[in-house]
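Participant: Provided below: entry-v5.txt, containing compact mmCIF, C-alpha atoms.
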# COMPACT_ATOMS: atom_id res chain seq x y z
CA MET I 1 31.68 37.32 156.84
CA ARG I 2 32.43 39.11 153.57
CA ILE I 3 31.58 35.98 151.54
CA ALA I 4 28.29 35.58 153.38
CA SER I 5 27.44 39.22 152.69
CA ILE I 6 28.21 38.77 149.00
CA ALA I 7 26.10 35.62 148.89
CA VAL I 8 23.12 37.27 150.53
CA ALA I 9 23.33 40.34 148.32
CA ALA I 10 23.78 38.36 145.12
CA GLY I 11 20.88 36.08 146.06
CA ALA I 12 18.59 39.01 146.52
CA LEU I 13 19.68 40.36 143.16
CA LEU I 14 19.03 37.08 141.40
CA LEU I 15 15.62 36.71 143.01
CA ALA I 16 14.62 40.28 142.28
CA GLY I 17 15.87 40.45 138.73
CA MET I 18 15.31 36.98 137.34
CA ALA I 19 12.39 35.44 139.24
CA ASP I 20 10.33 34.81 136.08
CA ALA I 21 13.07 32.91 134.24
CA ALA I 22 13.03 29.13 134.05
CA GLU I 23 16.68 29.01 132.98
CA ILE I 24 19.01 31.86 133.84
CA GLN I 25 22.24 32.32 131.86
CA VAL I 26 24.97 34.18 133.79
CA LEU I 27 28.38 35.41 132.65
CA SER I 28 30.71 36.39 135.47
CA THR I 29 34.27 37.27 136.22
CA GLN I 30 35.92 35.03 138.80
CA ALA I 31 36.02 37.53 141.70
CA THR I 32 32.82 36.30 143.39
CA GLN I 33 32.88 32.68 142.23
CA GLU I 34 33.14 30.92 145.61
CA ALA I 35 30.29 32.79 147.30
CA TYR I 36 28.24 32.82 144.13
CA LEU I 37 28.36 29.03 143.70
CA GLU I 38 27.04 28.53 147.22
CA LEU I 39 24.32 31.06 146.59
CA VAL I 40 23.22 29.60 143.26
CA THR I 41 22.72 26.17 144.80
CA GLN I 42 20.44 27.69 147.43
CA PHE I 43 18.60 29.77 144.82
CA GLU I 44 17.97 26.78 142.55
CA LYS I 45 16.59 24.72 145.46
CA ALA I 46 14.33 27.53 146.67
CA SER I 47 13.06 28.66 143.26
CA GLY I 48 13.14 25.56 141.08
CA HIS I 49 14.92 27.61 138.40
CA LYS I 50 18.12 26.46 136.69
CA VAL I 51 21.14 28.76 136.65
CA THR I 52 23.95 28.16 134.18
CA THR I 53 27.07 30.23 134.82
CA VAL I 54 30.28 30.81 132.90
CA PHE I 55 33.19 32.14 134.98
CA THR I 56 36.07 33.72 133.10
CA GLY I 57 38.42 36.69 133.09
CA THR I 58 37.25 40.23 132.38
CA LEU I 59 38.73 40.36 128.87
CA ASN I 60 36.97 37.12 127.93
CA VAL I 61 33.67 38.42 129.37
CA GLN I 62 34.04 41.51 127.19
CA LYS I 63 34.86 39.38 124.14
CA ARG I 64 31.87 37.06 124.66
CA LEU I 65 29.52 40.03 124.97
CA ALA I 66 31.05 41.70 121.90
CA ASP I 67 30.57 38.44 119.98
CA GLY I 68 26.87 38.53 120.86
CA GLU I 69 26.70 35.59 123.26
CA PRO I 70 23.35 35.88 125.08
CA TYR I 71 23.26 36.11 128.88
CA ASP I 72 20.52 37.18 131.26
CA LEU I 73 22.92 38.53 133.86
CA ILE I 74 26.53 39.71 133.79
CA ILE I 75 28.67 40.12 136.90
CA MET I 76 31.90 42.10 136.77
CA ALA I 77 33.56 45.24 138.16
CA GLY I 78 31.40 48.35 138.18
CA PRO I 79 33.38 50.33 135.57
CA ALA I 80 33.31 47.33 133.22
CA ILE I 81 29.52 47.10 133.64
CA ASP I 82 29.30 50.81 132.79
CA ASP I 83 31.28 50.17 129.61
CA GLN I 84 28.85 47.39 128.62
CA ILE I 85 25.90 49.71 129.24
CA LYS I 86 27.50 52.34 126.98
CA LEU I 87 27.97 49.68 124.30
CA GLY I 88 24.32 48.64 124.58
CA LYS I 89 25.23 45.16 125.86
CA ALA I 90 23.64 45.72 129.29
CA VAL I 91 20.40 47.45 130.22
CA ALA I 92 20.85 51.07 131.33
CA GLY I 93 19.65 51.46 134.91
CA SER I 94 20.06 47.74 135.71
CA ARG I 95 23.49 48.04 137.34
CA VAL I 96 23.48 47.12 141.01
CA ASP I 97 26.61 47.22 143.17
CA PHE I 98 26.66 44.22 145.50
CA ALA I 99 30.21 43.83 146.77
CA LYS I 100 33.19 46.00 147.57
CA SER I 101 36.63 44.43 147.31
CA ALA I 102 38.90 47.44 147.83
CA PRO I 103 38.50 51.17 148.43
CA GLY I 104 36.68 52.53 145.41
CA SER I 105 36.42 49.11 143.74
CA ARG I 106 32.99 47.51 143.44
CA CYS I 107 31.55 44.41 141.88
CA ALA I 108 28.30 44.96 140.07
CA ARG I 109 25.75 43.13 138.02
CA ALA I 110 23.52 44.21 135.18
CA ARG I 111 21.05 42.61 132.85
CA ARG I 112 22.01 42.04 129.23
CA SER I 113 20.29 44.41 126.86
CA PRO I 114 17.55 42.80 124.75
CA THR I 115 18.02 45.60 122.21
CA SER I 116 21.64 44.70 121.55
CA ASP I 117 22.38 44.44 117.84
CA GLN I 118 23.67 40.92 118.38
CA PRO I 119 21.39 37.95 117.62
CA THR I 120 20.00 35.85 120.45
CA PRO I 121 18.95 32.23 120.06
What's the structure tokens form of this structure?

Facilitator:
Amino acid sequence: MRIASIAVAAGALLLAGMADAAEIQVLSTQATQEAYLELVTQFEKASGHKVTTVFTGTLNVQKRLADGEPYDLIIMAGPAIDDQIKLGKAVAGSRVDFAKSAPGSRCARARRSPTSDQPTP
């Protein structure tokens, strides 16, 4: 049930935040990988858009963002998203909590900031 809830919530987030994109680049920690992969398949079929996702640990997500790798969407724990917003790597106000894994612990997503000082291809 929890996985289905995550999948439905994440699907709504992808549709709402990225509907105009032809190719969506996502960087995510591994916490939601199983439900996310099922969701992305459904999203790609329904929308015709292509989603490319990199799953890795939190420290590697932070390193990739610090190195300026461009992503349309990042998925990680809420406090880590807040840190990326403070660093200008994610858009302020774009954080959305979509899963809760433990009391007080939430997974969130945010859009990458287009005003980041890092180059984008």

Participant: When you count only C-alpha atoms, which of these residues is closest to Pro79 in chain I: I:Leu37, I:Val96, I:Val51, I:Val26?

Facilitator: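 Counting only C-alpha atoms, the residue closest to Pro79 in chain I is I:Val96.
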
Participant: With distances taken over all atoms listed in the file, which of I:Gln42, I:Ala110, I:Thr32, I:Met76 is nearest to Asn60 in chain I?

Facilitator: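 The closest residue to Asn60 in chain I is I:Met76.
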
Participant: Go through I:Glu38, I:Asp97, I:Asp82, I:Glu23 and flag the residue nearest Thr52 in chain I, using only C-alpha atoms for the distances.

Facilitator: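 Residue with the minimum atom-to-atom distance to Thr52 in chain I: I:Glu23.
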
Participant: Go through I:Lys100, I:Arg111, I:Lys45, I:Lys50 and flag the residue nearest Leu65 in chain I, using only C-alpha atoms for the distances.

Facilitator: I:Arg111

Participant: Counting all atoms listed in the file, which of I:Gly57, I:Gln30, I:Asp72, I:Ala66 gets nearest to Gly88 in chain I?

Facilitator: I:Ala66

Participant: Padding 6 Å on every side, please: axis-aligned box over the listed atoms of range 29-45 of chain I, centre and edge lengths to one decimal in Å, as AutoDock Vina command-line options.

Facilitator:
--center_x 26.3 --center_y 31.1 --center_z 141.8 --size_x 31.4 --size_y 24.8 --size_z 23.2

Participant: Counting only C-alpha atoms, which of I:Ala35, I:Ser28, I:Val61, I:Ala22 gets nearest to His49 in chain I?

Facilitator: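 For His49 in chain I, the nearest of the candidates is I:Ala22.
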
Participant: What's the separation between CA of Leu27 in chain I and CA of Phe55 in chain I, in Å to one decimal place?

Facilitator: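 These two atoms are separated by 6.3 Å.
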
Participant: Could you tell me how far CA of Glu44 in chain I lies from CA of Pro70 in chain I, in Å and to one decimal?

Facilitator: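 Between CA of Glu44 in chain I and CA of Pro70 in chain I the gap works out to 20.4 Å.
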
Participant: As an exercise, work out the distance from CA of Leu73 in chain I to CA of Gln25 in chain I in Å and give it to one decimal place.

Facilitator: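 CA of Gln25 in chain I lies at a distance of 6.6 Å from CA of Leu73 in chain I.
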